[in-house]
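Since the structure comes first, as structure tokens, the remarks are kept for the end.
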Amino acid sequence: MPGQDDVFQKAMNEGHSAAWDQEWQKAAVAYRRALEEFPDHAKVLNSLGLALYQLNQVDEALQIYKRAVEISPDDPVSMEKVAQLSERVGDLKAAMDFRIKAGDLYLKQRDTEKALENWVHVTSINPENAIAHSRLAQVHERLGHAQQAVTEYLAIASIIQRAGNMEKTQEMVQKALSLLPNSPEVKQAQTLLKNGQLLPKPIRGKGGTGPIRMAQVMQLQKPQKTASGLDPIAESRQKALTQLAELLFEYSDESPAAQERRGLSAIMKGTGGMSMQNAEQTKVILHLGQAIDSQSKGNEAQAAEEMEGALSAGFKHPALFFNLGLLRFKGERYETAQRFLQNAVKHTDYALGSRLLLGQMLMKKSNVSEAALEYLEALKLADSQTVSEEYADDVSQQYEPLVEALQNQKDENALRKICDNVHGLLLRPDWREQMQKTRDQMPKQEGDYIAPLAEVILQAQSSSVLESMNRINQLARMGSLRSAMDEAYEAIQSAPTYLPLHTLMGDLLVQEGRSSDAIMKFGVVAQSYSVRGEVQQAAKLLRRIIQISPMDLGARTRLIDQLVARGQLDDAIQEYLELAGIYYRLAELDMARKTYTTALRLVQQGNASREWNVHILQRMADIDMQRLDWKQAVRVYEQIRTLAPDDDSARKQLIELNLRMGQADKAFNELDGYISHLESQNKTELAHGFLEELVREHPEQEMLKRTLAALLARTGRMNEAIPMLDALGESLLEKGDKSGAMEVINQIVLMNPPNVEDYRQLLNQMRNG
């Protein structure tokens, strides 16, 4: 059945609106609704593909773009997107095929620049791709680019020579000779052929490293995917390699789009992640590329050395820490491995794998008691991951008394048994299924209570601590806070390291109105959780401190560190904004801007929502304006204009700042760019309003009036345009600006009004007078 046009159009409008605001999740939902009405609509497929790509849902985006290519095979944009995403998933053959086809289609549309860009990219992935070199040679020759054409013909000659076709090789060299008879490269090629030597191989261009390393990572993972699943360590390894390859892919991409994405680094100074100086970034890219290459060839020792090189160059990322920890563990360098894994354990993606590796490592070092604790922490993580999300926190909390009891366990055989049991349960490809089977065998519980799986593995009884906490809660509910605190002090004697009990004491202090004591207690407990690698619990307590004392900058800073370590980047960015807001209210503008810059850097280096970019940049620009740092404000507003072309506030600020700094040409270039953008979007009314407001605020700027008049004329409002220019011309004559007045009259003549001859005569009189 045909779809409904009104429903389709409404969904498309909602999708475009969300996309302009960079709300990609909303955009994707709207485009899916539009697709339900017209499943084979190429424009919708392209729009949905872009939204999914922005959401980092690469596999689905690729499938959507492939559908768009099937429906609209002559569209080079869809073809190019399929090529880009094929690179991202490591399918280089498909990427090169689609790049060549995209280049052919662009050439048909007479867009030679895009055609050349696609073919050059193919040669950066495979320098010996004869088809791409052939296309490049022909187009460069046609465009009169003799040197580039010669380079390509010699590359083809080298490729054909190695295939054994000497006649064709001679033909390509002769072709190059006919274009540049005095070329040293051609003469060298002739000499080599005469002496029976091989021509130099084509050189790989920039931009190919990332796709090649991504393909190597995907190849590394292929043998593992044939199994029913991966154990937690293998899962973490796969995530780490993929994440490193994605980072390398992003920062070795030399395309204009990628360079624009990295443009924000111009206004962000500092270190962390990939936000570093160009020289350091180059070293990091080199080391990561070599590391992935070595690992794909089975040379894990060399891979580890290269990763440490990236670390020394300033690259710090949980994926790198986990991979290094795993490789050093395999190489039996346990002390080094432990240091790296203790960094990785803080991140959600790598916590479980890191705990299991630490447990194995401590067992090898015969530290059985510490190993048992790591294995129990690993079981806690696995248990909370395999129950419903609503029960995850409850299950995790129930491990606290078990950890407490285990710390007091002195029987080495019992500790070894715990390590062996957890190891056997988790280090297997079907560990999730096995955990579910184990849970199914446990006695059924009443109500919503879900017991931890550790009860099957541990025989330790920790019920006395839980009973004490129940009595404390009952007393607190009755209002007997002093008695509740006495009970808590008594319980703490038998379980001094049981952190939930300390947290409960902090709650009692809050109820007693002793806020400063409560903050101190929560801070100590949060630090203890952090040391144990339990970032989520530490973050909860730091949030409690901030609720009690919103101006506690230390607690907020520690909370941000915990959120970043856990990979909760959106939450961390929100806290950065709150922190910057506090500095702003305290009139500490330098600290506020520095905090915004750090937040912006975090958006760029992680998987946070890109919607933060404009929001943060606007606040930074506001501070620059208050500090009268106009040059820096211009740089920030230029980034906002690139990210949000419809932001009229940023456009206006750019125009006004350039006028204020005496850079009228730049101001009017900005103005022309924005008016052209609005006209291309059929938003002429917005353009009128924007210009009229500028004219009112800057009556001395005659170019603004001329631009407004030109727009009025283009939109058929000649009766308004001509009087405006008439008045401007008279005003300029009164000021003695004859040349300016003549330019205005000439503009009227070009508009061809009914009385154009009168203006021509006036113009001639002024020239002759």
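Residues in the structure tokens are named by chain (A, B, ... in the order shown) and by number from 1 within that chain; ligands are numbered from 1 in the order shown.
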Review point. Quick one: residues within 12 Å of region 112-115 of chain A, only C-alpha atoms counted, chain neighbours fewer than 6 positions away excluded, as a VMD selection string?
Key: chain A and resid 76 to 77 79 to 80 98 to 106 121 to 122 132 135 to 136 138 to 140 142 to 143 255 to 256
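Residues surrounding Met435 (chain A) within 9 Å are Ala382, Asp383, Thr386, Leu425, Leu426, Asp430, Trp431, Arg439, Asp440 and Leu453 of chain A [only C-alpha atoms; sequence separation below 4 positions excluded].
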Could you write out that same residue set with N, CA and C atoms as a compact mmCIF listing (two decimals), in the first residue's frame?
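The file below, result.txt, is the result:
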```txt
# COMPACT_ATOMS: atom_id res chain seq x y z
N ALA A 382 29.97 -9.97 37.23
CA ALA A 382 29.27 -10.86 36.30
C ALA A 382 27.83 -11.08 36.74
N ASP A 383 27.63 -11.23 38.04
CA ASP A 383 26.29 -11.47 38.59
C ASP A 383 25.38 -10.28 38.33
N THR A 386 24.22 -10.03 34.70
CA THR A 386 23.36 -11.07 34.13
C THR A 386 21.99 -11.14 34.78
N LEU A 425 33.55 -21.14 36.44
CA LEU A 425 32.23 -20.63 36.07
C LEU A 425 32.31 -19.55 34.99
N LEU A 426 33.33 -18.69 35.08
CA LEU A 426 33.36 -17.51 34.21
C LEU A 426 34.28 -17.64 33.00
N ASP A 430 30.55 -19.89 27.18
CA ASP A 430 29.11 -19.84 27.50
C ASP A 430 28.86 -19.42 28.94
N TRP A 431 29.67 -18.48 29.43
CA TRP A 431 29.60 -18.14 30.85
C TRP A 431 28.26 -17.55 31.26
N ARG A 439 21.94 -20.16 38.60
CA ARG A 439 20.89 -19.42 39.31
C ARG A 439 19.59 -20.23 39.35
N ASP A 440 19.28 -20.94 38.26
CA ASP A 440 18.06 -21.74 38.21
C ASP A 440 18.07 -22.86 39.24
N LEU A 453 24.80 -15.14 43.38
CA LEU A 453 25.31 -16.47 43.04
C LEU A 453 26.43 -16.90 43.98
```
Considering only C-alpha atoms, return as a CSV table (one decimal) with N, CA and C atoms, in the first residue's frame whatever protein or nucleic-acid residues lie within 10 Å of Ser649 (chain A), sequence-local ones (same chain, fewer than 3 positions apart) excluded.
```
chain,number,residue,atom,x,y,z
A,618,GLN,N,29.1,27.7,23.2
A,618,GLN,CA,28.4,28.9,23.4
A,618,GLN,C,28.8,29.5,24.7
A,637,TYR,N,33.1,31.1,17.9
A,637,TYR,CA,31.9,31.3,17.1
A,637,TYR,C,32.0,30.6,15.7
A,640,ILE,N,31.1,27.1,16.2
A,640,ILE,CA,29.7,27.0,16.3
A,640,ILE,C,29.0,27.1,15.0
A,641,ARG,N,29.5,28.0,14.2
A,641,ARG,CA,28.9,28.2,12.8
A,641,ARG,C,29.1,26.9,12.0
A,646,ASP,N,22.6,26.9,11.3
A,646,ASP,CA,21.4,27.7,11.4
A,646,ASP,C,21.4,28.6,12.7
A,652,LYS,N,25.5,36.2,13.9
A,652,LYS,CA,25.4,37.7,14.2
A,652,LYS,C,26.6,38.1,15.0
A,653,GLN,N,27.0,37.3,16.0
A,653,GLN,CA,28.2,37.6,16.8
A,653,GLN,C,29.5,37.7,15.9
A,654,LEU,N,29.6,36.8,15.0
A,654,LEU,CA,30.8,36.8,14.1
A,654,LEU,C,30.8,38.1,13.3
A,690,PHE,N,16.9,39.0,9.8
A,690,PHE,CA,18.3,39.0,10.2
A,690,PHE,C,18.9,40.3,9.8
```
List the spatial neighbours of Ala587 (chain A) as a short mmCIF file (atom, residue, chain, number, x, y, z; two decimals) with all heavy atoms, in the first residue's frame - criterion: any atom at most 12 Å away, only C-alpha atoms, same-chain residues fewer than 5 positions off excluded.
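Saved to part-v9.cif:
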```
data_model
loop_
_atom_site.label_atom_id
_atom_site.label_comp_id
_atom_site.auth_asym_id
_atom_site.auth_seq_id
_atom_site.Cartn_x
_atom_site.Cartn_y
_atom_site.Cartn_z
N ALA A 580 31.77 24.24 36.09
CA ALA A 580 32.08 25.51 35.41
C ALA A 580 31.08 26.59 35.82
O ALA A 580 31.46 27.76 35.99
CB ALA A 580 32.05 25.30 33.90
N GLY A 581 29.82 26.21 35.99
CA GLY A 581 28.80 27.16 36.43
C GLY A 581 29.10 27.73 37.80
O GLY A 581 28.87 28.93 38.06
N ILE A 582 29.62 26.89 38.68
CA ILE A 582 29.99 27.36 40.02
C ILE A 582 31.13 28.39 39.92
O ILE A 582 31.09 29.46 40.54
CB ILE A 582 30.41 26.17 40.92
CG1 ILE A 582 29.18 25.29 41.22
CG2 ILE A 582 31.04 26.67 42.21
CD1 ILE A 582 29.52 23.99 41.90
N ALA A 592 36.44 28.87 34.95
CA ALA A 592 35.21 28.43 34.29
C ALA A 592 35.51 28.03 32.85
O ALA A 592 35.09 26.97 32.38
CB ALA A 592 34.16 29.54 34.32
N ARG A 593 36.27 28.87 32.14
CA ARG A 593 36.57 28.55 30.74
C ARG A 593 37.45 27.31 30.62
O ARG A 593 37.28 26.48 29.73
CB ARG A 593 37.26 29.74 30.05
CG ARG A 593 37.23 29.59 28.54
CD ARG A 593 38.00 30.68 27.82
NE ARG A 593 37.72 30.65 26.39
CZ ARG A 593 38.21 29.74 25.55
NH1 ARG A 593 39.00 28.77 25.99
NH2 ARG A 593 37.89 29.78 24.26
N ILE A 623 32.10 33.68 27.80
CA ILE A 623 33.19 34.09 28.70
C ILE A 623 34.21 34.92 27.94
O ILE A 623 34.70 35.95 28.44
CB ILE A 623 33.85 32.85 29.34
CG1 ILE A 623 32.87 32.19 30.32
CG2 ILE A 623 35.15 33.21 30.04
CD1 ILE A 623 33.35 30.88 30.89
N GLN A 626 32.98 38.38 27.64
CA GLN A 626 33.06 39.13 28.90
C GLN A 626 34.49 39.56 29.20
O GLN A 626 34.72 40.60 29.81
CB GLN A 626 32.52 38.28 30.05
CG GLN A 626 31.01 38.07 29.98
CD GLN A 626 30.49 37.43 31.25
OE1 GLN A 626 30.82 37.83 32.35
NE2 GLN A 626 29.66 36.41 31.09
N ARG A 627 35.47 38.73 28.78
CA ARG A 627 36.88 39.07 29.00
C ARG A 627 37.43 39.98 27.91
O ARG A 627 38.62 40.30 27.92
CB ARG A 627 37.71 37.79 29.06
CG ARG A 627 37.35 36.86 30.20
CD ARG A 627 38.36 35.77 30.39
NE ARG A 627 38.61 35.00 29.17
CZ ARG A 627 39.41 33.95 29.10
NH1 ARG A 627 40.04 33.55 30.18
NH2 ARG A 627 39.57 33.29 27.97
#
```
Check your understanding: Counting only C-alpha atoms, what is within 10 Å of region 535-539 of chain A, bar same-chain residues fewer than 6 positions away, as a PyMOL selection string?
Key -> chain A and resi 345-348+351+393+396-397+499-500+522-529+545+555-556+558-566+568
Selection above as a file: C-alpha atoms, as a compact mmCIF listing (two decimals), in the first residue's frame:
```txt
# COMPACT_ATOMS: atom_id res chain seq x y z
CA VAL A 345 39.51 -2.05 36.10
CA LYS A 346 37.89 1.35 36.69
CA HIS A 347 36.17 1.30 33.28
CA THR A 348 32.88 -0.58 32.86
CA ALA A 351 36.31 -4.22 34.79
CA ASP A 393 22.43 -2.71 42.46
CA SER A 396 25.91 -5.99 43.99
CA GLN A 397 25.24 -4.72 47.54
CA LEU A 499 31.43 -0.21 53.65
CA PRO A 500 27.58 -0.26 53.45
CA PHE A 522 30.89 9.76 52.82
CA GLY A 523 34.20 11.06 51.46
CA VAL A 524 36.23 8.39 53.26
CA VAL A 525 33.84 5.61 52.16
CA ALA A 526 33.88 6.91 48.55
CA GLN A 527 37.68 6.84 48.58
CA SER A 528 37.63 3.25 49.89
CA TYR A 529 35.25 2.17 47.12
CA ILE A 545 28.07 14.85 49.16
CA ALA A 555 33.76 16.23 45.71
CA ARG A 556 32.53 17.27 42.28
CA ARG A 558 36.42 13.48 42.29
CA LEU A 559 32.98 12.52 40.97
CA ILE A 560 34.01 13.59 37.47
CA ASP A 561 37.16 11.46 37.71
CA GLN A 562 35.07 8.44 38.74
CA LEU A 563 32.55 8.95 35.92
CA VAL A 564 35.28 9.30 33.31
CA ALA A 565 37.04 6.19 34.61
CA ARG A 566 33.77 4.29 34.36
CA GLN A 568 29.98 7.53 31.76
```
Practice item. Excluding region 679-688 of chain A and residues on its chain fewer than 2 positions from it, collect all residues at most 12 Å away from it, counting only C-alpha atoms, and give them as a PyMOL selection string. Key: chain A and resi 16+645-648+651-652+671-677+690-695+704-705+707-717+720-721
Could you please take those selected residues and save C-alpha atoms as a PDB file, in the first residue's frame?
```
ATOM      1  CA  HIS A  16      15.531  17.201   9.820  1.00  0.00           C
ATOM      2  CA  PRO A 645      24.906  26.496  10.434  1.00  0.00           C
ATOM      3  CA  ASP A 646      21.414  27.724  11.415  1.00  0.00           C
ATOM      4  CA  ASP A 647      22.533  29.328  14.687  1.00  0.00           C
ATOM      5  CA  ASP A 648      21.703  32.964  13.881  1.00  0.00           C
ATOM      6  CA  ARG A 651      26.360  34.253  12.888  1.00  0.00           C
ATOM      7  CA  LYS A 652      25.404  37.662  14.205  1.00  0.00           C
ATOM      8  CA  LEU A 671      27.069  37.824   6.151  1.00  0.00           C
ATOM      9  CA  ASP A 672      27.036  36.705   2.503  1.00  0.00           C
ATOM     10  CA  GLY A 673      27.664  33.121   3.585  1.00  0.00           C
ATOM     11  CA  TYR A 674      24.759  33.108   6.027  1.00  0.00           C
ATOM     12  CA  ILE A 675      22.305  34.810   3.659  1.00  0.00           C
ATOM     13  CA  SER A 676      23.247  32.325   0.897  1.00  0.00           C
ATOM     14  CA  HIS A 677      22.725  29.456   3.360  1.00  0.00           C
ATOM     15  CA  PHE A 690      18.254  39.028  10.249  1.00  0.00           C
ATOM     16  CA  LEU A 691      19.422  41.795   7.898  1.00  0.00           C
ATOM     17  CA  GLU A 692      16.816  44.315   9.080  1.00  0.00           C
ATOM     18  CA  GLU A 693      17.958  43.818  12.679  1.00  0.00           C
ATOM     19  CA  LEU A 694      21.609  44.358  11.693  1.00  0.00           C
ATOM     20  CA  VAL A 695      20.708  47.515   9.760  1.00  0.00           C
ATOM     21  CA  LEU A 704      24.410  46.160   5.340  1.00  0.00           C
ATOM     22  CA  LYS A 705      21.779  48.336   3.665  1.00  0.00           C
ATOM     23  CA  THR A 707      22.953  43.678   1.114  1.00  0.00           C
ATOM     24  CA  LEU A 708      19.398  44.027   2.431  1.00  0.00           C
ATOM     25  CA  ALA A 709      18.341  45.898  -0.698  1.00  0.00           C
ATOM     26  CA  ALA A 710      19.866  43.183  -2.910  1.00  0.00           C
ATOM     27  CA  LEU A 711      17.939  40.516  -0.991  1.00  0.00           C
ATOM     28  CA  LEU A 712      14.692  42.496  -1.292  1.00  0.00           C
ATOM     29  CA  ALA A 713      15.233  42.783  -5.038  1.00  0.00           C
ATOM     30  CA  ARG A 714      15.949  39.054  -5.397  1.00  0.00           C
ATOM     31  CA  THR A 715      12.700  38.245  -3.593  1.00  0.00           C
ATOM     32  CA  GLY A 716      10.583  40.548  -5.757  1.00  0.00           C
ATOM     33  CA  ARG A 717      10.301  43.440  -3.303  1.00  0.00           C
ATOM     34  CA  GLU A 720      11.289  48.542  -1.023  1.00  0.00           C
ATOM     35  CA  ALA A 721      14.786  47.981  -2.388  1.00  0.00           C
TER      36      ALA A 721
END
```
Exercise for review: Can you work out which one of A:Glu23, A:Asp91, A:Glu743, A:Glu433 has the shortest atom-to-atom distance to Leu55 (chain A), counting only C-alpha atoms?
Suggested key: A:Glu23
Practice item. Fewer than 6 positions away in the same chain doesn't count, so skip those; otherwise give me all residues within 12 Å of Asn413 (chain A), counting only C-alpha atoms, as a list in words. Key: Val368, Ser369, Ala372, Cys419 and Asp420 of chain A
With N, CA and C atoms kept, could you save the residues just selected as an mmCIF file, in the first residue's frame?
```cif
data_model
loop_
_atom_site.group_PDB
_atom_site.id
_atom_site.type_symbol
_atom_site.label_atom_id
_atom_site.label_comp_id
_atom_site.auth_asym_id
_atom_site.auth_seq_id
_atom_site.Cartn_x
_atom_site.Cartn_y
_atom_site.Cartn_z
ATOM 1 N N VAL A 368 47.087 -16.080 47.505
ATOM 2 C CA VAL A 368 45.769 -16.706 47.352
ATOM 3 C C VAL A 368 44.660 -15.827 47.933
ATOM 4 N N SER A 369 44.903 -15.201 49.067
ATOM 5 C CA SER A 369 43.844 -14.406 49.696
ATOM 6 C C SER A 369 43.443 -13.222 48.814
ATOM 7 N N ALA A 372 41.545 -14.506 45.744
ATOM 8 C CA ALA A 372 40.152 -14.848 46.037
ATOM 9 C C ALA A 372 39.276 -13.589 46.047
ATOM 10 N N CYS A 419 38.588 -19.571 44.271
ATOM 11 C CA CYS A 419 39.238 -19.142 43.013
ATOM 12 C C CYS A 419 38.925 -20.125 41.891
ATOM 13 N N ASP A 420 39.051 -21.421 42.196
ATOM 14 C CA ASP A 420 38.812 -22.443 41.173
ATOM 15 C C ASP A 420 37.361 -22.430 40.704
#
```
Point to revise | Selected residue of minimal separation from His287 (chain A) among A:Ala304, A:Ala405, A:Ala28, A:Trp630, counting only C-alpha atoms | key: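 Counting only C-alpha atoms, the residue closest to His287 (chain A) is A:Ala304.
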